[in-house]
Amino acid sequence: MNELAKTAFNRRPDLHVETEGEFAGWRTWTRDNFETHTGPFYHRMDENGRITCAFRVGKKHLNGSGNVHGGCFMTFADYCLFALAGSVLQGPGVTVSFASEFLDAAREGDLIECTGEVTRAGMSLIFVRGMLTSAERPLFSFSGTIKRVKRRAPPQATA
């Protein structure tokens, strides 16, 4: 793995490294209020540069049937898009397309993991695909496209 990729993985200003519990040593971001509220979701990089994302299913993640809500899978997969692409994104981006397939259900207490890959990284678009699993059982497949963006300056207050 090259140093640029590892540096980019550790460089986000809103990066938080969990210090306790099951996900001690895993990373998450604190800037996205929706993901923070829906998760917590985590990611880590192994010695080969491969990203794994994960979360433990709690009661708040369930639908009325007692399975993980489809919107929770989709939110976690969107989080995973950015974790998987982090080393090539190296700055802000937005999801411009997202496709998914629901393959199986998950229940409270399950550990949901995601692995995936960047299939192509161009000047402005990054293409990613991934799979959510629980105990190696496929639950949800997805692909998405991230567009690199430049941050806009906040609007100036008028007097």
# chains A, B, ... in the order shown; residues from 1 in each chain; ligands from 1
>>> select_by_dssp(residues="chain A", states="strand (DSSP E)", output="mmCIF file with N, CA, C and O atoms, in the first residue's frame")
data_model
loop_
_atom_site.group_PDB
_atom_site.id
_atom_site.type_symbol
_atom_site.label_atom_id
_atom_site.label_comp_id
_atom_site.auth_asym_id
_atom_site.auth_seq_id
_atom_site.Cartn_x
_atom_site.Cartn_y
_atom_site.Cartn_z
ATOM 1 N N LEU A 15 -12.234 12.955 11.790
ATOM 2 C CA LEU A 15 -11.980 11.557 12.101
ATOM 3 C C LEU A 15 -12.001 11.330 13.610
ATOM 4 O O LEU A 15 -11.431 12.097 14.370
ATOM 5 N N HIS A 16 -12.684 10.281 14.020
ATOM 6 C CA HIS A 16 -12.711 9.880 15.424
ATOM 7 C C HIS A 16 -12.279 8.422 15.500
ATOM 8 O O HIS A 16 -12.801 7.582 14.757
ATOM 9 N N VAL A 17 -11.347 8.107 16.384
ATOM 10 C CA VAL A 17 -10.925 6.730 16.615
ATOM 11 C C VAL A 17 -11.573 6.267 17.908
ATOM 12 O O VAL A 17 -11.379 6.874 18.965
ATOM 13 N N ARG A 27 -12.350 3.487 13.145
ATOM 14 C CA ARG A 27 -12.555 4.902 12.882
ATOM 15 C C ARG A 27 -13.988 5.179 12.456
ATOM 16 O O ARG A 27 -14.660 4.318 11.905
ATOM 17 N N THR A 28 -14.420 6.407 12.719
ATOM 18 C CA THR A 28 -15.699 6.898 12.222
ATOM 19 C C THR A 28 -15.547 8.387 11.982
ATOM 20 O O THR A 28 -14.519 8.980 12.311
ATOM 21 N N TRP A 29 -16.567 8.984 11.380
ATOM 22 C CA TRP A 29 -16.545 10.438 11.142
ATOM 23 C C TRP A 29 -17.596 11.087 12.007
ATOM 24 O O TRP A 29 -18.650 10.515 12.257
ATOM 25 N N TYR A 42 -18.555 2.197 11.521
ATOM 26 C CA TYR A 42 -17.105 2.236 11.693
ATOM 27 C C TYR A 42 -16.391 1.681 10.467
ATOM 28 O O TYR A 42 -16.979 0.926 9.689
ATOM 29 N N HIS A 43 -15.114 2.019 10.342
ATOM 30 C CA HIS A 43 -14.263 1.457 9.294
ATOM 31 C C HIS A 43 -12.829 1.352 9.796
ATOM 32 O O HIS A 43 -12.438 2.032 10.739
ATOM 33 N N ARG A 44 -12.088 0.455 9.163
ATOM 34 C CA ARG A 44 -10.667 0.311 9.478
ATOM 35 C C ARG A 44 -9.936 -0.162 8.229
ATOM 36 O O ARG A 44 -10.542 -0.698 7.305
ATOM 37 N N MET A 45 -8.626 0.042 8.251
ATOM 38 C CA MET A 45 -7.781 -0.375 7.145
ATOM 39 C C MET A 45 -6.803 -1.427 7.650
ATOM 40 O O MET A 45 -6.176 -1.232 8.692
ATOM 41 N N ILE A 51 -10.058 -1.912 3.149
ATOM 42 C CA ILE A 51 -11.001 -1.290 4.074
ATOM 43 C C ILE A 51 -12.116 -2.271 4.425
ATOM 44 O O ILE A 51 -12.667 -2.931 3.542
ATOM 45 N N THR A 52 -12.444 -2.332 5.708
ATOM 46 C CA THR A 52 -13.616 -3.056 6.183
ATOM 47 C C THR A 52 -14.447 -2.071 6.991
ATOM 48 O O THR A 52 -13.909 -1.301 7.782
ATOM 49 N N CYS A 53 -15.749 -2.092 6.778
ATOM 50 C CA CYS A 53 -16.681 -1.261 7.543
ATOM 51 C C CYS A 53 -17.586 -2.195 8.344
ATOM 52 O O CYS A 53 -17.787 -3.348 7.950
ATOM 53 N N ALA A 54 -18.131 -1.695 9.459
ATOM 54 C CA ALA A 54 -18.983 -2.556 10.277
ATOM 55 C C ALA A 54 -19.877 -1.742 11.204
ATOM 56 O O ALA A 54 -19.584 -0.585 11.514
ATOM 57 N N PHE A 55 -20.964 -2.388 11.636
ATOM 58 C CA PHE A 55 -21.783 -1.886 12.744
ATOM 59 C C PHE A 55 -22.524 -3.061 13.361
ATOM 60 O O PHE A 55 -22.702 -4.109 12.741
ATOM 61 N N ARG A 56 -22.922 -2.899 14.607
ATOM 62 C CA ARG A 56 -23.686 -3.912 15.331
ATOM 63 C C ARG A 56 -25.148 -3.475 15.314
ATOM 64 O O ARG A 56 -25.476 -2.343 15.673
ATOM 65 N N GLY A 93 -16.695 15.023 -1.360
ATOM 66 C CA GLY A 93 -17.398 14.439 -2.487
ATOM 67 C C GLY A 93 -18.862 14.264 -2.148
ATOM 68 O O GLY A 93 -19.259 14.375 -0.982
ATOM 69 N N VAL A 94 -19.654 13.969 -3.163
ATOM 70 C CA VAL A 94 -21.075 13.707 -2.987
ATOM 71 C C VAL A 94 -21.442 12.458 -3.778
ATOM 72 O O VAL A 94 -20.843 12.175 -4.816
ATOM 73 N N THR A 95 -22.417 11.722 -3.279
ATOM 74 C CA THR A 95 -22.924 10.564 -4.002
ATOM 75 C C THR A 95 -23.801 11.065 -5.146
ATOM 76 O O THR A 95 -24.742 11.821 -4.911
ATOM 77 N N VAL A 96 -23.497 10.640 -6.386
ATOM 78 C CA VAL A 96 -24.315 11.062 -7.531
ATOM 79 C C VAL A 96 -25.139 9.922 -8.102
ATOM 80 O O VAL A 96 -26.105 10.168 -8.820
ATOM 81 N N SER A 97 -24.774 8.670 -7.792
ATOM 82 C CA SER A 97 -25.626 7.535 -8.166
ATOM 83 C C SER A 97 -25.406 6.423 -7.158
ATOM 84 O O SER A 97 -24.336 6.309 -6.552
ATOM 85 N N PHE A 98 -26.458 5.615 -6.996
ATOM 86 C CA PHE A 98 -26.405 4.533 -6.028
ATOM 87 C C PHE A 98 -27.386 3.460 -6.492
ATOM 88 O O PHE A 98 -28.550 3.758 -6.774
ATOM 89 N N ALA A 99 -26.927 2.219 -6.585
ATOM 90 C CA ALA A 99 -27.781 1.085 -6.949
ATOM 91 C C ALA A 99 -27.575 -0.009 -5.915
ATOM 92 O O ALA A 99 -26.465 -0.181 -5.398
ATOM 93 N N SER A 100 -28.636 -0.757 -5.612
ATOM 94 C CA SER A 100 -28.503 -1.783 -4.582
ATOM 95 C C SER A 100 -29.477 -2.923 -4.802
ATOM 96 O O SER A 100 -30.485 -2.778 -5.491
ATOM 97 N N GLU A 101 -29.134 -4.066 -4.189
ATOM 98 C CA GLU A 101 -29.986 -5.244 -4.201
ATOM 99 C C GLU A 101 -30.064 -5.788 -2.780
ATOM 100 O O GLU A 101 -29.028 -6.006 -2.140
ATOM 101 N N PHE A 102 -31.284 -6.009 -2.296
ATOM 102 C CA PHE A 102 -31.504 -6.621 -0.987
ATOM 103 C C PHE A 102 -31.467 -8.130 -1.174
ATOM 104 O O PHE A 102 -32.245 -8.684 -1.953
ATOM 105 N N LEU A 111 -23.698 -8.657 13.577
ATOM 106 C CA LEU A 111 -22.603 -7.799 13.143
ATOM 107 C C LEU A 111 -22.684 -7.709 11.624
ATOM 108 O O LEU A 111 -22.620 -8.733 10.937
ATOM 109 N N ILE A 112 -22.852 -6.500 11.122
ATOM 110 C CA ILE A 112 -22.909 -6.276 9.677
ATOM 111 C C ILE A 112 -21.554 -5.737 9.245
ATOM 112 O O ILE A 112 -21.058 -4.759 9.814
ATOM 113 N N GLU A 113 -20.952 -6.374 8.253
ATOM 114 C CA GLU A 113 -19.654 -5.949 7.739
ATOM 115 C C GLU A 113 -19.768 -5.637 6.253
ATOM 116 O O GLU A 113 -20.636 -6.176 5.563
ATOM 117 N N CYS A 114 -18.867 -4.790 5.793
ATOM 118 C CA CYS A 114 -18.821 -4.439 4.379
ATOM 119 C C CYS A 114 -17.387 -4.494 3.882
ATOM 120 O O CYS A 114 -16.474 -3.976 4.531
ATOM 121 N N THR A 115 -17.217 -5.123 2.738
ATOM 122 C CA THR A 115 -15.964 -5.033 2.001
ATOM 123 C C THR A 115 -16.333 -4.624 0.589
ATOM 124 O O THR A 115 -17.473 -4.789 0.148
ATOM 125 N N GLY A 116 -15.365 -4.070 -0.108
ATOM 126 C CA GLY A 116 -15.629 -3.633 -1.462
ATOM 127 C C GLY A 116 -14.380 -3.095 -2.100
ATOM 128 O O GLY A 116 -13.270 -3.279 -1.583
ATOM 129 N N GLU A 117 -14.576 -2.375 -3.198
ATOM 130 C CA GLU A 117 -13.437 -1.853 -3.929
ATOM 131 C C GLU A 117 -13.812 -0.661 -4.784
ATOM 132 O O GLU A 117 -14.968 -0.496 -5.171
ATOM 133 N N VAL A 118 -12.812 0.131 -5.068
ATOM 134 C CA VAL A 118 -12.940 1.190 -6.068
ATOM 135 C C VAL A 118 -12.695 0.510 -7.407
ATOM 136 O O VAL A 118 -11.649 -0.110 -7.609
ATOM 137 N N THR A 119 -13.663 0.596 -8.307
ATOM 138 C CA THR A 119 -13.494 -0.038 -9.613
ATOM 139 C C THR A 119 -12.849 0.902 -10.624
ATOM 140 O O THR A 119 -12.218 0.446 -11.571
ATOM 141 N N ARG A 120 -13.006 2.215 -10.414
ATOM 142 C CA ARG A 120 -12.350 3.205 -11.267
ATOM 143 C C ARG A 120 -12.364 4.538 -10.557
ATOM 144 O O ARG A 120 -13.357 4.908 -9.953
ATOM 145 N N ALA A 121 -11.258 5.245 -10.642
ATOM 146 C CA ALA A 121 -11.166 6.591 -10.064
ATOM 147 C C ALA A 121 -10.649 7.528 -11.148
ATOM 148 O O ALA A 121 -9.501 7.423 -11.565
ATOM 149 N N LEU A 125 -14.940 11.624 -11.048
ATOM 150 C CA LEU A 125 -15.846 10.574 -10.587
ATOM 151 C C LEU A 125 -15.081 9.362 -10.074
ATOM 152 O O LEU A 125 -14.055 8.980 -10.644
ATOM 153 N N ILE A 126 -15.623 8.759 -9.010
ATOM 154 C CA ILE A 126 -15.052 7.543 -8.429
ATOM 155 C C ILE A 126 -16.167 6.507 -8.363
ATOM 156 O O ILE A 126 -17.246 6.778 -7.828
ATOM 157 N N PHE A 127 -15.907 5.327 -8.912
ATOM 158 C CA PHE A 127 -16.884 4.251 -8.970
ATOM 159 C C PHE A 127 -16.514 3.178 -7.943
ATOM 160 O O PHE A 127 -15.371 2.727 -7.889
ATOM 161 N N VAL A 128 -17.498 2.778 -7.136
ATOM 162 C CA VAL A 128 -17.260 1.870 -6.005
ATOM 163 C C VAL A 128 -18.329 0.780 -6.012
ATOM 164 O O VAL A 128 -19.479 1.031 -6.388
ATOM 165 N N ARG A 129 -17.939 -0.422 -5.569
ATOM 166 C CA ARG A 129 -18.929 -1.475 -5.354
ATOM 167 C C ARG A 129 -18.614 -2.184 -4.047
ATOM 168 O O ARG A 129 -17.454 -2.211 -3.608
ATOM 169 N N GLY A 130 -19.653 -2.758 -3.428
ATOM 170 C CA GLY A 130 -19.436 -3.417 -2.155
ATOM 171 C C GLY A 130 -20.521 -4.427 -1.829
ATOM 172 O O GLY A 130 -21.536 -4.525 -2.520
ATOM 173 N N MET A 131 -20.277 -5.162 -0.738
ATOM 174 C CA MET A 131 -21.207 -6.189 -0.270
ATOM 175 C C MET A 131 -21.302 -6.122 1.245
ATOM 176 O O MET A 131 -20.274 -6.100 1.937
ATOM 177 N N LEU A 132 -22.527 -6.078 1.755
ATOM 178 C CA LEU A 132 -22.765 -6.175 3.189
ATOM 179 C C LEU A 132 -23.018 -7.642 3.511
ATOM 180 O O LEU A 132 -23.774 -8.321 2.800
ATOM 181 N N THR A 133 -22.397 -8.120 4.591
ATOM 182 C CA THR A 133 -22.556 -9.501 5.010
ATOM 183 C C THR A 133 -22.736 -9.574 6.525
ATOM 184 O O THR A 133 -22.392 -8.634 7.248
ATOM 185 N N SER A 134 -23.245 -10.700 6.976
ATOM 186 C CA SER A 134 -23.269 -11.025 8.397
ATOM 187 C C SER A 134 -22.868 -12.484 8.511
ATOM 188 O O SER A 134 -23.515 -13.353 7.906
ATOM 189 N N ARG A 137 -22.670 -14.300 5.357
ATOM 190 C CA ARG A 137 -23.930 -14.436 4.617
ATOM 191 C C ARG A 137 -24.222 -13.128 3.883
ATOM 192 O O ARG A 137 -24.360 -12.084 4.505
ATOM 193 N N PRO A 138 -24.283 -13.145 2.542
ATOM 194 C CA PRO A 138 -24.553 -11.905 1.792
ATOM 195 C C PRO A 138 -25.931 -11.344 2.123
ATOM 196 O O PRO A 138 -26.924 -12.073 2.129
ATOM 197 N N LEU A 139 -25.970 -10.033 2.422
ATOM 198 C CA LEU A 139 -27.217 -9.364 2.778
ATOM 199 C C LEU A 139 -27.650 -8.314 1.770
ATOM 200 O O LEU A 139 -28.849 -8.142 1.531
ATOM 201 N N PHE A 140 -26.679 -7.613 1.193
ATOM 202 C CA PHE A 140 -26.998 -6.399 0.428
ATOM 203 C C PHE A 140 -25.804 -6.094 -0.469
ATOM 204 O O PHE A 140 -24.686 -5.982 0.018
ATOM 205 N N SER A 141 -26.016 -5.999 -1.757
ATOM 206 C CA SER A 141 -24.937 -5.597 -2.665
ATOM 207 C C SER A 141 -25.246 -4.192 -3.169
ATOM 208 O O SER A 141 -26.409 -3.792 -3.256
ATOM 209 N N PHE A 142 -24.187 -3.448 -3.489
ATOM 210 C CA PHE A 142 -24.398 -2.073 -3.929
ATOM 211 C C PHE A 142 -23.253 -1.597 -4.817
ATOM 212 O O PHE A 142 -22.163 -2.161 -4.808
ATOM 213 N N SER A 143 -23.556 -0.583 -5.573
ATOM 214 C CA SER A 143 -22.529 0.146 -6.313
ATOM 215 C C SER A 143 -22.941 1.607 -6.316
ATOM 216 O O SER A 143 -24.124 1.930 -6.205
ATOM 217 N N GLY A 144 -21.953 2.469 -6.413
ATOM 218 C CA GLY A 144 -22.253 3.888 -6.394
ATOM 219 C C GLY A 144 -21.150 4.699 -7.031
ATOM 220 O O GLY A 144 -20.042 4.201 -7.259
ATOM 221 N N THR A 145 -21.488 5.936 -7.309
ATOM 222 C CA THR A 145 -20.547 6.864 -7.916
ATOM 223 C C THR A 145 -20.457 8.104 -7.047
ATOM 224 O O THR A 145 -21.484 8.662 -6.645
ATOM 225 N N ILE A 146 -19.230 8.502 -6.745
ATOM 226 C CA ILE A 146 -18.948 9.708 -5.961
ATOM 227 C C ILE A 146 -18.371 10.755 -6.894
ATOM 228 O O ILE A 146 -17.497 10.456 -7.708
ATOM 229 N N LYS A 147 -18.852 11.966 -6.790
ATOM 230 C CA LYS A 147 -18.285 13.096 -7.531
ATOM 231 C C LYS A 147 -17.447 13.925 -6.578
ATOM 232 O O LYS A 147 -17.905 14.308 -5.512
ATOM 233 N N ARG A 148 -16.214 14.172 -6.984
ATOM 234 C CA ARG A 148 -15.354 15.059 -6.201
ATOM 235 C C ARG A 148 -15.921 16.479 -6.300
ATOM 236 O O ARG A 148 -16.339 16.907 -7.375
#
>>> select_by_dssp(residues="range 23-151 of chain A", states="alpha helix (DSSP H)", output="MDAnalysis selection string")
chainID A and resid 33:38 70:89
>>> write_last_selection(atoms="N, CA, C and O atoms", output="mmCIF file, in the first residue's frame")
data_model
loop_
_atom_site.group_PDB
_atom_site.id
_atom_site.type_symbol
_atom_site.label_atom_id
_atom_site.label_comp_id
_atom_site.auth_asym_id
_atom_site.auth_seq_id
_atom_site.Cartn_x
_atom_site.Cartn_y
_atom_site.Cartn_z
ATOM 1 N N ASN A 33 -24.196 14.345 10.644
ATOM 2 C CA ASN A 33 -25.166 14.156 11.722
ATOM 3 C C ASN A 33 -26.096 12.972 11.480
ATOM 4 O O ASN A 33 -26.432 12.239 12.408
ATOM 5 N N PHE A 34 -26.527 12.773 10.230
ATOM 6 C CA PHE A 34 -27.445 11.677 9.937
ATOM 7 C C PHE A 34 -26.778 10.326 10.163
ATOM 8 O O PHE A 34 -27.345 9.436 10.796
ATOM 9 N N GLU A 35 -25.559 10.156 9.662
ATOM 10 C CA GLU A 35 -24.843 8.892 9.863
ATOM 11 C C GLU A 35 -24.551 8.654 11.345
ATOM 12 O O GLU A 35 -24.659 7.528 11.827
ATOM 13 N N THR A 36 -24.182 9.706 12.064
ATOM 14 C CA THR A 36 -23.909 9.572 13.496
ATOM 15 C C THR A 36 -25.169 9.119 14.228
ATOM 16 O O THR A 36 -25.116 8.225 15.072
ATOM 17 N N HIS A 37 -26.307 9.720 13.888
ATOM 18 C CA HIS A 37 -27.576 9.362 14.518
ATOM 19 C C HIS A 37 -28.011 7.949 14.131
ATOM 20 O O HIS A 37 -28.489 7.185 14.965
ATOM 21 N N THR A 38 -27.851 7.588 12.860
ATOM 22 C CA THR A 38 -28.292 6.286 12.369
ATOM 23 C C THR A 38 -27.373 5.168 12.832
ATOM 24 O O THR A 38 -27.837 4.090 13.177
ATOM 25 N N GLY A 70 -34.466 -1.362 5.502
ATOM 26 C CA GLY A 70 -33.768 -1.172 4.233
ATOM 27 C C GLY A 70 -33.051 0.161 4.155
ATOM 28 O O GLY A 70 -31.956 0.264 3.591
ATOM 29 N N GLY A 71 -33.643 1.195 4.731
ATOM 30 C CA GLY A 71 -32.999 2.510 4.742
ATOM 31 C C GLY A 71 -31.720 2.516 5.555
ATOM 32 O O GLY A 71 -30.779 3.242 5.246
ATOM 33 N N CYS A 72 -31.656 1.671 6.588
ATOM 34 C CA CYS A 72 -30.431 1.548 7.378
ATOM 35 C C CYS A 72 -29.338 0.905 6.538
ATOM 36 O O CYS A 72 -28.195 1.383 6.529
ATOM 37 N N PHE A 73 -29.673 -0.191 5.820
ATOM 38 C CA PHE A 73 -28.690 -0.800 4.919
ATOM 39 C C PHE A 73 -28.182 0.230 3.905
ATOM 40 O O PHE A 73 -26.992 0.311 3.629
ATOM 41 N N MET A 74 -29.100 1.014 3.330
ATOM 42 C CA MET A 74 -28.715 1.988 2.304
ATOM 43 C C MET A 74 -27.840 3.095 2.892
ATOM 44 O O MET A 74 -26.861 3.515 2.280
ATOM 45 N N THR A 75 -28.175 3.549 4.095
ATOM 46 C CA THR A 75 -27.371 4.580 4.749
ATOM 47 C C THR A 75 -25.976 4.058 5.063
ATOM 48 O O THR A 75 -24.969 4.735 4.818
ATOM 49 N N PHE A 76 -25.899 2.836 5.600
ATOM 50 C CA PHE A 76 -24.600 2.239 5.893
ATOM 51 C C PHE A 76 -23.797 2.044 4.608
ATOM 52 O O PHE A 76 -22.597 2.335 4.564
ATOM 53 N N ALA A 77 -24.438 1.586 3.552
ATOM 54 C CA ALA A 77 -23.729 1.388 2.279
ATOM 55 C C ALA A 77 -23.195 2.713 1.729
ATOM 56 O O ALA A 77 -22.083 2.765 1.185
ATOM 57 N N ASP A 78 -23.943 3.806 1.897
ATOM 58 C CA ASP A 78 -23.455 5.112 1.450
ATOM 59 C C ASP A 78 -22.236 5.528 2.272
ATOM 60 O O ASP A 78 -21.262 6.058 1.738
ATOM 61 N N TYR A 79 -22.274 5.269 3.580
ATOM 62 C CA TYR A 79 -21.103 5.504 4.429
ATOM 63 C C TYR A 79 -19.918 4.702 3.886
ATOM 64 O O TYR A 79 -18.798 5.205 3.772
ATOM 65 N N CYS A 80 -20.182 3.439 3.548
ATOM 66 C CA CYS A 80 -19.124 2.553 3.044
ATOM 67 C C CYS A 80 -18.539 3.054 1.725
ATOM 68 O O CYS A 80 -17.327 2.906 1.494
ATOM 69 N N LEU A 81 -19.372 3.626 0.859
ATOM 70 C CA LEU A 81 -18.855 4.202 -0.400
ATOM 71 C C LEU A 81 -17.675 5.115 -0.110
ATOM 72 O O LEU A 81 -16.624 5.026 -0.756
ATOM 73 N N PHE A 82 -17.854 6.009 0.856
ATOM 74 C CA PHE A 82 -16.828 7.003 1.165
ATOM 75 C C PHE A 82 -15.646 6.408 1.917
ATOM 76 O O PHE A 82 -14.511 6.822 1.711
ATOM 77 N N ALA A 83 -15.906 5.418 2.776
ATOM 78 C CA ALA A 83 -14.792 4.750 3.459
ATOM 79 C C ALA A 83 -13.945 3.979 2.460
ATOM 80 O O ALA A 83 -12.707 4.049 2.483
ATOM 81 N N LEU A 84 -14.592 3.260 1.555
ATOM 82 C CA LEU A 84 -13.873 2.476 0.555
ATOM 83 C C LEU A 84 -13.099 3.367 -0.411
ATOM 84 O O LEU A 84 -12.029 3.004 -0.890
ATOM 85 N N ALA A 85 -13.633 4.540 -0.713
ATOM 86 C CA ALA A 85 -13.001 5.452 -1.677
ATOM 87 C C ALA A 85 -12.077 6.466 -1.025
ATOM 88 O O ALA A 85 -11.413 7.233 -1.728
ATOM 89 N N GLY A 86 -11.999 6.474 0.292
ATOM 90 C CA GLY A 86 -11.276 7.524 1.009
ATOM 91 C C GLY A 86 -9.852 7.761 0.555
ATOM 92 O O GLY A 86 -9.412 8.901 0.447
ATOM 93 N N SER A 87 -9.122 6.696 0.265
ATOM 94 C CA SER A 87 -7.712 6.880 -0.093
ATOM 95 C C SER A 87 -7.530 7.495 -1.475
ATOM 96 O O SER A 87 -6.498 8.092 -1.745
ATOM 97 N N VAL A 88 -8.528 7.390 -2.348
ATOM 98 C CA VAL A 88 -8.419 8.034 -3.666
ATOM 99 C C VAL A 88 -9.234 9.317 -3.737
ATOM 100 O O VAL A 88 -8.933 10.187 -4.548
ATOM 101 N N LEU A 89 -10.239 9.450 -2.882
ATOM 102 C CA LEU A 89 -11.060 10.666 -2.893
ATOM 103 C C LEU A 89 -10.254 11.867 -2.429
ATOM 104 O O LEU A 89 -10.241 12.899 -3.087
#
>>> atom_distance(atom1="CA of Val149 in chain A", atom2="CA of Pro92 in chain A")
5.7 Å
>>> closest_residue(among="A:Glu18, A:Pro154, A:Gly39, A:Asp32", to="His61 in chain A", atoms="only C-alpha atoms")
A:Gly39
>>> residues_around(residues="range 62-69 of chain A", least_positions_apart="5", cutoff="7 Å", atoms="only C-alpha atoms", output="count of residues only")
3
>>> closest_residue(among="A:Gly122, A:Asn48, A:Lys60, A:Ala157", to="Glu108 in chain A", atoms="only C-alpha atoms")
A:Lys60
>>> atom_distance(atom1="CA of Asp110 in chain A", atom2="CA of Gly25 in chain A")
19.8 Å
>>> atom_distance(atom1="CA of Asp104 in chain A", atom2="CA of Gly49 in chain A")
28.4 Å
